[in-house]
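Below is one structure, written out as structure tokens; comments come after it.
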Amino acid sequence: SLFDSPAERYMKARWSVQHFTVTQLGKCCSDMAKFPEKCLSFRRYVVHSYNFFLFPSTLGITDVEFCFSASSIQFLSHYGFDYNKFLKDGIPYMNEVQEKILSQHLSASSWKHSSSLDRDVLKKAIDKVTCWIAAAEEEETMILQDLSGYQMFEVQLVLRRALQNVWTQPLGGKKIIVKKVSPQHRQLLENSRYDCCQKELILLSARGFTNLFQTLVRAKKPLVGHNMLMDLMHLHDKFYKPLPESYEEFKRNIHNLFPVLIDTKTVTKSIWKKFPFPRVSNLLEAYTILCSSNVSLKDPTCPVIALASDCSRYAEKKSPHEAGYDAFLCGSGKILLKYFRGWAGIWQFLSCSVAPCYAKNDAVEAVPSFSQYLTVLAKYLNKVNFIRGGVSSINFSGEDTPCRHPPLLVVHVQGWPEVNERQICQQFKAICRFDVRRLSKNQFILLSNKFKHVRSVLRDFKDHPHLRISVYRHWRHSPHVNCLLR
């Protein structure tokens, strides 16, 4: 709703993020290719794009419940999303709170299991080892097969804690070797640094993709996304900490994790308002426009963007809504925006702040640092797009700036009992779109993001038999002011 403040929208989105999971995450990074000095009049970037299928960690007692949206499943299926890969091969992840619970659980003397499948596998393994060990001699071994994922850890932990005269070790593939040992030999093995069931190694495996997230946080590199508010909320909730109730605390946390954010949606929206840049509805369209011959390719300094050999399929076929491909579009769009010069020079504000390296007096200027490139986008840094609300963007490094909306309208309803917001919306649907909020029993507030809609409604509904519409005046229409006046 246009009435939403950032804090109100955050609380709405927070519920959604807490109830849904991340199925796929894309990451793209680029290297500037090295060329001889005579070729330094342009830039060539080699792009490495990665696509990760994710699935919540199921090790120990942590069992994550999440929802599915039927329309989302249908949408992703249309674009070829591999649900089998998500369910069977998804990389685990956990946030700091979940990791702390698992760490405490690993230090405890007992082991509980959240998965009924794992319980069945463990019972079968324990029964098999118990029958074997009664007649086995020391140093004899047996092999357990057909174990997968965390079952490799859980079977070993349970067997070691239940039987003091056995030792376990992964054999490769889906197998574990079980050996009958003496108490003295067992003690030596437990203190070995090569033991795969050390607590630190188990936590490392259970963190899964979170290890990469933590590496990105430590690197403090600029994080680029498109319409990325929900992405940031999921990153915080799934890989850092559960989302706080406080909107301001969320902003501070994200800024500490990623000090430099670039939302390409925020940049392109600014272009729409100032210059005749085509209005595009999605990331792929924005990238296509930036790569078109009418825009960037006429500039000899425009960078050449090449996909690395291991992700060349993105060059051969468009894969919209695949996370790795969308990450490629975001990263490539950012590079192109920095060099953008087309259409009779009206895009100079987007051109790169550091000129290409040309030879001067038999010398070549030093290649600029990335921080110098960021100066051209300085006014957009840390401004994340906010869809239809009280601000145009969320400022993660300062105060949010309110939108300049058209004036509010107030609708006074006469002769229409029990009317609701939906019915009021239907009255205006044919000519324009308004967001509606009830003010009193027979009064409603209308808000639009277009001044022409306000003018049209005031003109066209002037003689409506049931609706009397006027510009909202706080001193006249506010219920709080009316209470004081009474």
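By convention in this document, the chains of the structure tokens carry letters A, B, ... by their order, each chain's residues are numbered from 1, and ligands are numbered from 1 in the order they are shown.
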| query | If we count only C-alpha atoms, what is near A:Asn395 at a cut-off of 7 Å, once residues fewer than 5 positions away on the same chain are taken out, given as a ChimeraX atom specification? | reply | /A:382-384,400
| task | Counting only C-alpha atoms, figure out which residue out of A:Val129, A:Val391, A:Leu159, A:Cys291 gets nearest to A:Glu8. | result | A:Val391
| task | Using only C-alpha atoms, determine which residues lie at most 9 Å from A:Cys28, disregarding the query and same-chain residues fewer than 5 positions distant; provide the list as a ChimeraX atom specification. | result | /A:47-51,324-331
Can I get the selected residues back with all heavy atoms, as an mmCIF file, in the first residue's frame?
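The new file part.cif reads:
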```cif
data_model
loop_
_atom_site.group_PDB
_atom_site.id
_atom_site.type_symbol
_atom_site.label_atom_id
_atom_site.label_comp_id
_atom_site.auth_asym_id
_atom_site.auth_seq_id
_atom_site.Cartn_x
_atom_site.Cartn_y
_atom_site.Cartn_z
ATOM 1 N N VAL A 47 33.168 -12.528 -16.546
ATOM 2 C CA VAL A 47 32.168 -12.711 -15.506
ATOM 3 C C VAL A 47 32.068 -14.183 -15.111
ATOM 4 O O VAL A 47 31.973 -15.064 -15.966
ATOM 5 C CB VAL A 47 30.791 -12.203 -15.997
ATOM 6 C CG1 VAL A 47 29.717 -12.503 -14.971
ATOM 7 C CG2 VAL A 47 30.852 -10.704 -16.265
ATOM 8 N N HIS A 48 32.090 -14.430 -13.812
ATOM 9 C CA HIS A 48 31.934 -15.784 -13.258
ATOM 10 C C HIS A 48 30.602 -15.813 -12.512
ATOM 11 O O HIS A 48 30.430 -15.104 -11.522
ATOM 12 C CB HIS A 48 33.083 -16.123 -12.313
ATOM 13 C CG HIS A 48 34.435 -15.979 -12.935
ATOM 14 N ND1 HIS A 48 35.116 -17.033 -13.507
ATOM 15 C CD2 HIS A 48 35.228 -14.884 -13.097
ATOM 16 C CE1 HIS A 48 36.275 -16.611 -13.974
ATOM 17 N NE2 HIS A 48 36.371 -15.305 -13.736
ATOM 18 N N SER A 49 29.689 -16.628 -12.983
ATOM 19 C CA SER A 49 28.357 -16.682 -12.395
ATOM 20 C C SER A 49 28.114 -18.060 -11.778
ATOM 21 O O SER A 49 28.424 -19.089 -12.390
ATOM 22 C CB SER A 49 27.295 -16.391 -13.464
ATOM 23 O OG SER A 49 26.041 -16.206 -12.877
ATOM 24 N N TYR A 50 27.548 -18.071 -10.572
ATOM 25 C CA TYR A 50 27.338 -19.319 -9.833
ATOM 26 C C TYR A 50 25.877 -19.427 -9.412
ATOM 27 O O TYR A 50 25.254 -18.433 -9.026
ATOM 28 C CB TYR A 50 28.243 -19.375 -8.596
ATOM 29 C CG TYR A 50 29.707 -19.239 -8.920
ATOM 30 C CD1 TYR A 50 30.312 -17.978 -8.946
ATOM 31 C CD2 TYR A 50 30.480 -20.355 -9.220
ATOM 32 C CE1 TYR A 50 31.658 -17.845 -9.255
ATOM 33 C CE2 TYR A 50 31.825 -20.230 -9.525
ATOM 34 C CZ TYR A 50 32.408 -18.967 -9.547
ATOM 35 O OH TYR A 50 33.737 -18.840 -9.856
ATOM 36 N N ASN A 51 25.369 -20.636 -9.451
ATOM 37 C CA ASN A 51 23.980 -20.899 -9.106
ATOM 38 C C ASN A 51 23.938 -21.958 -8.006
ATOM 39 O O ASN A 51 24.402 -23.084 -8.196
ATOM 40 C CB ASN A 51 23.228 -21.388 -10.351
ATOM 41 C CG ASN A 51 21.740 -21.238 -10.214
ATOM 42 O OD1 ASN A 51 21.242 -20.182 -9.865
ATOM 43 N ND2 ASN A 51 21.011 -22.310 -10.473
ATOM 44 N N GLY A 324 21.466 -17.606 -10.704
ATOM 45 C CA GLY A 324 22.789 -17.301 -11.237
ATOM 46 C C GLY A 324 22.736 -16.380 -12.440
ATOM 47 O O GLY A 324 23.594 -15.502 -12.612
ATOM 48 N N TYR A 325 21.709 -16.563 -13.286
ATOM 49 C CA TYR A 325 21.558 -15.710 -14.468
ATOM 50 C C TYR A 325 21.148 -14.298 -14.057
ATOM 51 O O TYR A 325 21.669 -13.309 -14.583
ATOM 52 C CB TYR A 325 20.523 -16.308 -15.409
ATOM 53 C CG TYR A 325 20.361 -15.550 -16.714
ATOM 54 C CD1 TYR A 325 21.334 -15.619 -17.703
ATOM 55 C CD2 TYR A 325 19.235 -14.768 -16.956
ATOM 56 C CE1 TYR A 325 21.192 -14.932 -18.902
ATOM 57 C CE2 TYR A 325 19.073 -14.085 -18.149
ATOM 58 C CZ TYR A 325 20.058 -14.171 -19.119
ATOM 59 O OH TYR A 325 19.918 -13.481 -20.300
ATOM 60 N N ASP A 326 20.228 -14.183 -13.111
ATOM 61 C CA ASP A 326 19.828 -12.860 -12.636
ATOM 62 C C ASP A 326 20.998 -12.130 -11.982
ATOM 63 O O ASP A 326 21.133 -10.909 -12.108
ATOM 64 C CB ASP A 326 18.669 -12.991 -11.640
ATOM 65 C CG ASP A 326 17.345 -13.318 -12.327
ATOM 66 O OD1 ASP A 326 17.311 -13.305 -13.573
ATOM 67 O OD2 ASP A 326 16.362 -13.601 -11.623
ATOM 68 N N ALA A 327 21.851 -12.879 -11.270
ATOM 69 C CA ALA A 327 23.034 -12.257 -10.681
ATOM 70 C C ALA A 327 23.964 -11.725 -11.768
ATOM 71 O O ALA A 327 24.556 -10.648 -11.639
ATOM 72 C CB ALA A 327 23.771 -13.275 -9.799
ATOM 73 N N PHE A 328 24.086 -12.473 -12.857
ATOM 74 C CA PHE A 328 24.889 -12.027 -14.003
ATOM 75 C C PHE A 328 24.320 -10.737 -14.590
ATOM 76 O O PHE A 328 25.059 -9.789 -14.897
ATOM 77 C CB PHE A 328 24.938 -13.125 -15.060
ATOM 78 C CG PHE A 328 25.260 -12.651 -16.447
ATOM 79 C CD1 PHE A 328 26.517 -12.117 -16.733
ATOM 80 C CD2 PHE A 328 24.323 -12.729 -17.460
ATOM 81 C CE1 PHE A 328 26.808 -11.674 -18.016
ATOM 82 C CE2 PHE A 328 24.604 -12.287 -18.735
ATOM 83 C CZ PHE A 328 25.860 -11.748 -19.018
ATOM 84 N N LEU A 329 22.993 -10.664 -14.738
ATOM 85 C CA LEU A 329 22.365 -9.462 -15.286
ATOM 86 C C LEU A 329 22.617 -8.255 -14.383
ATOM 87 O O LEU A 329 22.900 -7.152 -14.859
ATOM 88 C CB LEU A 329 20.864 -9.675 -15.456
ATOM 89 C CG LEU A 329 20.414 -10.768 -16.433
ATOM 90 C CD1 LEU A 329 18.889 -10.790 -16.522
ATOM 91 C CD2 LEU A 329 21.016 -10.564 -17.812
ATOM 92 N N CYS A 330 22.507 -8.461 -13.062
ATOM 93 C CA CYS A 330 22.742 -7.360 -12.117
ATOM 94 C C CYS A 330 24.168 -6.847 -12.222
ATOM 95 O O CYS A 330 24.406 -5.643 -12.328
ATOM 96 C CB CYS A 330 22.483 -7.831 -10.684
ATOM 97 S SG CYS A 330 20.773 -7.753 -10.187
ATOM 98 N N GLY A 331 25.129 -7.770 -12.167
ATOM 99 C CA GLY A 331 26.530 -7.363 -12.212
ATOM 100 C C GLY A 331 26.890 -6.697 -13.521
ATOM 101 O O GLY A 331 27.574 -5.670 -13.554
#
```
| message | I want to know what sits within 12 Å of A:Trp416, based on only C-alpha atoms, with residues of the same chain fewer than 5 positions away left out; could you give that as a list in words? | response |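 Returned residues: Gln423, Ile424, Lys441, Asn442, Gln443, Pro465, His466, Leu467 and Arg468 of chain A.
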Output C-alpha atoms for every residue in the selection just made, as a CSV table (one decimal), in the first residue's frame.
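After the write, part_27.csv holds the following:
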```csv
chain,number,residue,atom,x,y,z
A,423,GLN,CA,-16.2,-1.2,-2.8
A,424,ILE,CA,-14.7,2.3,-2.7
A,441,LYS,CA,-17.6,5.0,9.6
A,442,ASN,CA,-18.6,6.9,6.4
A,443,GLN,CA,-15.2,8.5,5.4
A,465,PRO,CA,-24.8,11.0,-5.9
A,466,HIS,CA,-23.2,9.1,-3.1
A,467,LEU,CA,-19.5,10.2,-2.9
A,468,ARG,CA,-18.4,13.7,-2.0
```
| said: When you count only C-alpha atoms, which of these residues is closest to A:Ser16: A:His234, A:Ala134, A:Ser107, A:Ala308? | reply: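 Going through A:His234, A:Ala134, A:Ser107, A:Ala308 one by one, the smallest distance to A:Ser16 is for A:His234.
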| message | List as a PyMOL selection string the protein and nucleic acid residues near A:Met233, meaning an atom at most 9 Å away when only C-alpha atoms are counted, but skip any in the same chain fewer than 4 places from it. | response | chain A and resi 10+13-14+17+228-229+237-238+243+250+254
| remark: atom CA of A:His255 sits from atom CA of A:Ile91 at a separation of 26.1 Å
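Using only C-alpha atoms, the contacts of stretch 448-450 of chain A at a cut-off of 10 Å, with sequence neighbours closer than 6 positions omitted, comprise Ser1, Leu2, Phe3, Arg388, Gly389, Cys403, Arg404, His405, Pro406, Pro407, Leu408, Leu409, Cys432, Arg433, Phe434, Asp435 and Val436 of chain A.
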| request: Compile the contact shell of A:Val64 as a ChimeraX atom specification: residues with an atom at most 12 Å away, counting only C-alpha atoms, same-chain residues fewer than 4 positions apart removed. | output: /A:18-22,55-60,92-95,98,114-115,238
| task | Between atom CA of A:Lys452 and atom CA of A:Arg422, measure the distance and give it in Å to one decimal. | result | 22.0 Å
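The gap separating atom CA of A:His464 from atom CA of A:Phe428 is 11.9 Å, in Å to one decimal.
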| field | In stretch 12-225 of chain A, DSSP strand (DSSP E or B) residues written as a PyMOL selection string | value | chain A and resi 24-32+44-54+91+141-144+166-172+175-180+223-225
